[in-house]
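Quick notes on the structure that follows.
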Amino acid sequence: MSAALSIRGVSKTYDPQGGASVEALRDCSFEVRAEEFVAIVGPSGCGKSTLLNAIAGFDTITGGEIRLDGALLARPGLAPRPGPDRVVVFQHGALFPWKTVLENVTYGPLRQKALSREAAQAKALELLRASGGLDGAAATYPAQLSSGMQRRVEIVRALMNDPRVLLLDEPFRAMDGFSKATMHQHLLELHRRYRKTIVFITHDLDEAIYLADTVVVMTTRPGTVKEIIRVGLERPRVPQMLYSRAYAELKRGAAQSVHEEARRAFERGEREQA
Amino acid sequence: MLAGTVGAAALWYACVAWVPLEAFRRLPDPVAVVTEWLSPRPTYGISIFTEAYYKHILYSTWRASAAFVAATLLGVPLGVCIGWSRSFSAYASALLGLLRPVPPLAWVPLAILIFAGSEAAVIFVTFLVAFFATTLNTAVGVKSIDPDFFRAAACLGASRRDILFDVVLPGALPNIFTGLQIAMGAAWFSLVAGEMIAAQYGLGFLIMESYNLIQFPTIVIAMATLGLLGYLSSALIRALGNRLMRWREQSIGLAA
């Protein structure tokens, strides 16, 4: 049930008529195949999250169009509409703190009336169990879990809806190196098992290459596609690959673009400060 | 807490008994007040054995509760509307911004004329302060909810009604209860003031009447009773809040 995603000439200008007009995205185009894992990298403020918000249906676009398996998702003048076919896992985490793990995870199917309560709970417990034995935490509240466990629960909450695209917005940003490495293996395993189309936003090039089939490098604001890198590394990915020659070469090629953009972003930041 | 209570009573006793100030000379010491309070035959007619004492308590409690319940029933929904809808907020803020700074007692004469009687007028004035506190805190609570919770709910297929019950109300609950605490305190405050000006019964009225008759112990009895009622009502709201927000208790480690 995974779908292909087309981003065609997408532009976004905030407040176009107003005095504080900001061009966040300019003529962004790339294709995501069904079941593909695409990582979008770029410096902070390059419009990665703007693009994700447009795909998710949280915000409008001012140019171009976005299609999901050919069906129009976004174009200028079309009211944005989020839905369970494109579920987002948020940068700072958005599990409902007032709902237990089980209530959070079954929320989607129950609100959409897609499953009965019994079926939703059975499916939830099975997915939680497969996510490192989290079924034992079903009755607890999210605040009692570690940040890594919260992330895994939030990914389970997304998977419960059988989304056609999974949108991850820098989900491991605030984690330490060890937890991050564990989460990478977990996410790779989920991708292998459920074959979801994944759009993964990050500013970490290593993470992008290690996880993705395709890395889209974005320029600094206004964000546009600078380079598209096909990662030929075989799957399953294992941590040893981080030290392989193929990985080093991919990284060398991409690092040039990323550093150029990082420097431009930095210099603009300095100018704007001055 | 016990040590603090005893200490405060001792300080009071010491002030009245030994501080050679004219201002303290006529005040009753704690022993005199407690003796009067617990006396089956009180000198000034008010003690725990007299029917009048409970009549005053009942009147005040009824007025405060009625005002508080009305303020909650109207203030929470209005606060939700203000916090959730930007255009509604623009309309309502102007009105609330102008009405809120009017001190509650300034309403008393107008309220008496509007409601043709002091009973409803006192409740109205009490309601007013509680209502502002509840409305504004609820609105702040809704506005301060992380927008990602709304987005997450929308992603998961929640309707607008689901979002109201699953995101807006639970998300604003901590602030709503802060508002209710403030509202309860403000309600007692303005109730007593209202009763002093325009009422036939009630603890505020009792204080004013005892003042006119120079019955010091009764004034202090009424004050202490108000303190107790305020404390009890506040504890009641806190207990209800903790019950409804168990997820918060656990998140700060009380259940671990």
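Chain labels follow the order of the structure tokens: the first chain is A, the next B, and so on; residue numbering restarts at 1 in every chain, and ligands are counted from 1 in their shown order.
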What are the closest atom pairs, with distances in Å to one decimal, for all residues of chain A lying within 10 Å of chain B? Consider only C-alpha atoms, order rows by chain and residue number, and present the result as JSON lines.
```
{"residue": "A:Asn53", "atom": "CA", "partner": "B:Arg151", "partner_atom": "CA", "distance": 9.7}
{"residue": "A:Ala56", "atom": "CA", "partner": "B:Cys155", "partner_atom": "CA", "distance": 7.7}
{"residue": "A:Gly57", "atom": "CA", "partner": "B:Cys155", "partner_atom": "CA", "distance": 8.6}
{"residue": "A:Phe58", "atom": "CA", "partner": "B:Arg151", "partner_atom": "CA", "distance": 7.1}
{"residue": "A:Arg81", "atom": "CA", "partner": "B:Ala154", "partner_atom": "CA", "distance": 8.5}
{"residue": "A:Pro82", "atom": "CA", "partner": "B:Cys155", "partner_atom": "CA", "distance": 5.2}
{"residue": "A:Gly83", "atom": "CA", "partner": "B:Cys155", "partner_atom": "CA", "distance": 4.5}
{"residue": "A:Pro84", "atom": "CA", "partner": "B:Leu156", "partner_atom": "CA", "distance": 5.0}
{"residue": "A:Asp85", "atom": "CA", "partner": "B:Cys155", "partner_atom": "CA", "distance": 8.0}
{"residue": "A:Arg86", "atom": "CA", "partner": "B:Cys155", "partner_atom": "CA", "distance": 7.0}
{"residue": "A:Val87", "atom": "CA", "partner": "B:Cys155", "partner_atom": "CA", "distance": 5.5}
{"residue": "A:Val88", "atom": "CA", "partner": "B:Cys155", "partner_atom": "CA", "distance": 7.0}
{"residue": "A:Val89", "atom": "CA", "partner": "B:Ala152", "partner_atom": "CA", "distance": 8.1}
{"residue": "A:Phe90", "atom": "CA", "partner": "B:Asp148", "partner_atom": "CA", "distance": 7.4}
{"residue": "A:Gln91", "atom": "CA", "partner": "B:Asp148", "partner_atom": "CA", "distance": 9.3}
{"residue": "A:His92", "atom": "CA", "partner": "B:Asp148", "partner_atom": "CA", "distance": 8.6}
{"residue": "A:Gly93", "atom": "CA", "partner": "B:Asp148", "partner_atom": "CA", "distance": 8.2}
{"residue": "A:Ala94", "atom": "CA", "partner": "B:Phe149", "partner_atom": "CA", "distance": 5.6}
{"residue": "A:Leu95", "atom": "CA", "partner": "B:Phe149", "partner_atom": "CA", "distance": 7.5}
{"residue": "A:Phe96", "atom": "CA", "partner": "B:Phe149", "partner_atom": "CA", "distance": 6.9}
{"residue": "A:Pro97", "atom": "CA", "partner": "B:Trp247", "partner_atom": "CA", "distance": 6.8}
{"residue": "A:Trp98", "atom": "CA", "partner": "B:Trp247", "partner_atom": "CA", "distance": 5.4}
{"residue": "A:Lys99", "atom": "CA", "partner": "B:Trp247", "partner_atom": "CA", "distance": 7.5}
{"residue": "A:Thr100", "atom": "CA", "partner": "B:Trp247", "partner_atom": "CA", "distance": 8.1}
{"residue": "A:Val105", "atom": "CA", "partner": "B:Leu156", "partner_atom": "CA", "distance": 9.9}
{"residue": "A:Thr106", "atom": "CA", "partner": "B:Leu156", "partner_atom": "CA", "distance": 9.7}
{"residue": "A:Tyr107", "atom": "CA", "partner": "B:Leu156", "partner_atom": "CA", "distance": 7.1}
{"residue": "A:Gly108", "atom": "CA", "partner": "B:Leu156", "partner_atom": "CA", "distance": 4.5}
{"residue": "A:Pro109", "atom": "CA", "partner": "B:Leu156", "partner_atom": "CA", "distance": 7.8}
{"residue": "A:Leu110", "atom": "CA", "partner": "B:Gly157", "partner_atom": "CA", "distance": 9.1}
{"residue": "A:Arg111", "atom": "CA", "partner": "B:Ala158", "partner_atom": "CA", "distance": 5.7}
{"residue": "A:Gln112", "atom": "CA", "partner": "B:Gly157", "partner_atom": "CA", "distance": 5.6}
{"residue": "A:Lys113", "atom": "CA", "partner": "B:Gly157", "partner_atom": "CA", "distance": 9.3}
{"residue": "A:Thr140", "atom": "CA", "partner": "B:Trp247", "partner_atom": "CA", "distance": 8.7}
{"residue": "A:Tyr141", "atom": "CA", "partner": "B:Trp247", "partner_atom": "CA", "distance": 6.1}
{"residue": "A:Pro142", "atom": "CA", "partner": "B:Ser251", "partner_atom": "CA", "distance": 8.0}
{"residue": "A:Ala143", "atom": "CA", "partner": "B:Ser251", "partner_atom": "CA", "distance": 4.9}
{"residue": "A:Gln144", "atom": "CA", "partner": "B:Ser251", "partner_atom": "CA", "distance": 5.8}
{"residue": "A:Leu145", "atom": "CA", "partner": "B:Ser251", "partner_atom": "CA", "distance": 9.2}
{"residue": "A:Arg157", "atom": "CA", "partner": "B:Leu156", "partner_atom": "CA", "distance": 8.6}
{"residue": "A:Ala158", "atom": "CA", "partner": "B:Leu156", "partner_atom": "CA", "distance": 7.8}
{"residue": "A:Met160", "atom": "CA", "partner": "B:Leu156", "partner_atom": "CA", "distance": 9.5}
{"residue": "A:Asn161", "atom": "CA", "partner": "B:Leu156", "partner_atom": "CA", "distance": 7.4}
{"residue": "A:Pro163", "atom": "CA", "partner": "B:Leu156", "partner_atom": "CA", "distance": 9.7}
```
Query raised in the report: stretch 179-194 of chain B: which residues within 7 Å, counting only C-alpha atoms, same-chain residues fewer than 2 positions away excluded, as a PyMOL selection string?
Result: chain B and resi 64+68+104-105+122+125-127+129-130+133-134+137-138+175-177+196-198+203-204+230+234+237
Requested in this report: Just list the residues in stretch 11-138 of chain A DSSP gives strand (DSSP E or B) on the backbone, as a ChimeraX atom specification.
Outcome: /A:11-14,22-32,37-41,63-68,71-74,86-89
Residues of the last selection are to be written out with C-alpha atoms, as a PDB file, in the first residue's frame.
```pdb
ATOM      1  CA  SER A  11       7.629  26.839  -4.574  1.00  0.00           C
ATOM      2  CA  LYS A  12       6.565  28.463  -1.346  1.00  0.00           C
ATOM      3  CA  THR A  13       6.700  32.119  -0.445  1.00  0.00           C
ATOM      4  CA  TYR A  14       5.438  33.102   2.974  1.00  0.00           C
ATOM      5  CA  VAL A  22      10.146  35.143   2.627  1.00  0.00           C
ATOM      6  CA  GLU A  23      10.846  32.784  -0.255  1.00  0.00           C
ATOM      7  CA  ALA A  24      11.308  29.405   1.426  1.00  0.00           C
ATOM      8  CA  LEU A  25      11.208  27.030  -1.568  1.00  0.00           C
ATOM      9  CA  ARG A  26      11.924  27.661  -5.250  1.00  0.00           C
ATOM     10  CA  ASP A  27      11.112  25.220  -8.024  1.00  0.00           C
ATOM     11  CA  CYS A  28      11.793  22.000  -6.099  1.00  0.00           C
ATOM     12  CA  SER A  29      11.448  18.812  -8.118  1.00  0.00           C
ATOM     13  CA  PHE A  30      12.172  15.167  -7.404  1.00  0.00           C
ATOM     14  CA  GLU A  31      10.421  11.823  -7.563  1.00  0.00           C
ATOM     15  CA  VAL A  32      10.015   9.246  -4.806  1.00  0.00           C
ATOM     16  CA  PHE A  37      13.570   5.560   1.388  1.00  0.00           C
ATOM     17  CA  VAL A  38      14.419   9.151   0.493  1.00  0.00           C
ATOM     18  CA  ALA A  39      16.416  11.426   2.782  1.00  0.00           C
ATOM     19  CA  ILE A  40      16.354  15.186   2.329  1.00  0.00           C
ATOM     20  CA  VAL A  41      19.438  16.961   3.678  1.00  0.00           C
ATOM     21  CA  GLY A  63       3.869  27.141  -7.037  1.00  0.00           C
ATOM     22  CA  GLY A  64       4.093  23.686  -8.617  1.00  0.00           C
ATOM     23  CA  GLU A  65       2.254  20.565  -7.498  1.00  0.00           C
ATOM     24  CA  ILE A  66       2.609  17.480  -5.358  1.00  0.00           C
ATOM     25  CA  ARG A  67       1.050  14.169  -6.384  1.00  0.00           C
ATOM     26  CA  LEU A  68       0.630  10.885  -4.533  1.00  0.00           C
ATOM     27  CA  ALA A  71      -3.565  11.986  -7.348  1.00  0.00           C
ATOM     28  CA  LEU A  72      -3.201  15.697  -6.697  1.00  0.00           C
ATOM     29  CA  LEU A  73      -2.199  16.498  -3.110  1.00  0.00           C
ATOM     30  CA  ALA A  74      -1.161  20.116  -3.337  1.00  0.00           C
ATOM     31  CA  ARG A  86       0.712  10.543   4.982  1.00  0.00           C
ATOM     32  CA  VAL A  87       1.529  10.344   8.673  1.00  0.00           C
ATOM     33  CA  VAL A  88       4.218  12.566  10.172  1.00  0.00           C
ATOM     34  CA  VAL A  89       6.629  11.702  12.981  1.00  0.00           C
TER      35      VAL A  89
END
```
Query - Filtered DSSP result for stretch 110-194 of chain A, state helix (DSSP H, G or I), as number ranges by chain - result: A: 110-111, 117-130, 134-137, 142-144, 147-159, 177-194
Query raised in the report: Any idea what's packed within 9 Å of stretch 132-135 of chain A, counting only C-alpha atoms, ignoring anything in its chain fewer than 6 positions away? Could you give it as JSON, numbers by chain?
Result: {"A": [101, 102, 124, 125, 126, 149, 152, 153, 186]}
**Report entry** Coordinates-based distance that separates atom CA of A:Gly223 from atom CA of A:Cys46 (Å, one decimal)
**Finding:**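 Interatomic distance, atom CA of A:Cys46 to atom CA of A:Gly223: 5.0 Å.
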Query - Residue among B:Ile57, B:Ala106, B:Val140, B:Val6 lying closest to B:Ser89, counting only C-alpha atoms - result: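 For B:Ser89, the nearest of the given residues is B:Val140.
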**Report entry** Shortest interatomic distance to B:Val80 - which of B:Leu2, B:Ala224, B:Ile145, B:Leu213, counting only C-alpha atoms
**Finding:**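 Nearest to B:Val80: B:Ile145.
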Query raised in the report: Leaving out stretch 109-120 of chain B and any residue of its chain fewer than 3 positions from it, which residues lie within 7 Å of it when counting only C-alpha atoms, given as a PyMOL selection string?
Result: chain B and resi 123-124+198-199
**Report entry** Selection: 7 Å around A:Glu36, only C-alpha atoms, excl. self and same-chain fewer than 3 positions, as a ChimeraX atom specification
**Finding:** /A:32-33,197-198,213
Those same residues, written as an mmCIF file, in the first residue's frame with C-alpha atoms?
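Result written to result_11.cif:
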```
data_model
loop_
_atom_site.group_PDB
_atom_site.id
_atom_site.type_symbol
_atom_site.label_atom_id
_atom_site.label_comp_id
_atom_site.auth_asym_id
_atom_site.auth_seq_id
_atom_site.Cartn_x
_atom_site.Cartn_y
_atom_site.Cartn_z
ATOM 1 C CA VAL A 32 10.015 9.246 -4.806
ATOM 2 C CA ARG A 33 9.259 5.688 -5.965
ATOM 3 C CA THR A 197 7.671 4.828 1.219
ATOM 4 C CA ILE A 198 9.684 7.040 3.578
ATOM 5 C CA ASP A 213 18.146 4.801 -1.181
#
```
Query - For A:Ala3: contacts at 6 Å, only C-alpha atoms, fewer than 6 positions along chain excluded, given as a PyMOL selection string - result: chain A and resi 34+69+164
Produce a file of the selected residues containing C-alpha atoms, as a PDB file, in the first residue's frame.
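Wrote it out as out.pdb, contents follow:
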```pdb
ATOM      1  CA  ALA A  34       6.914   3.415  -4.034  1.00  0.00           C
ATOM      2  CA  ASP A  69       0.388   7.998  -7.007  1.00  0.00           C
ATOM      3  CA  ARG A 164       1.157   5.220   1.979  1.00  0.00           C
TER       4      ARG A 164
END
```
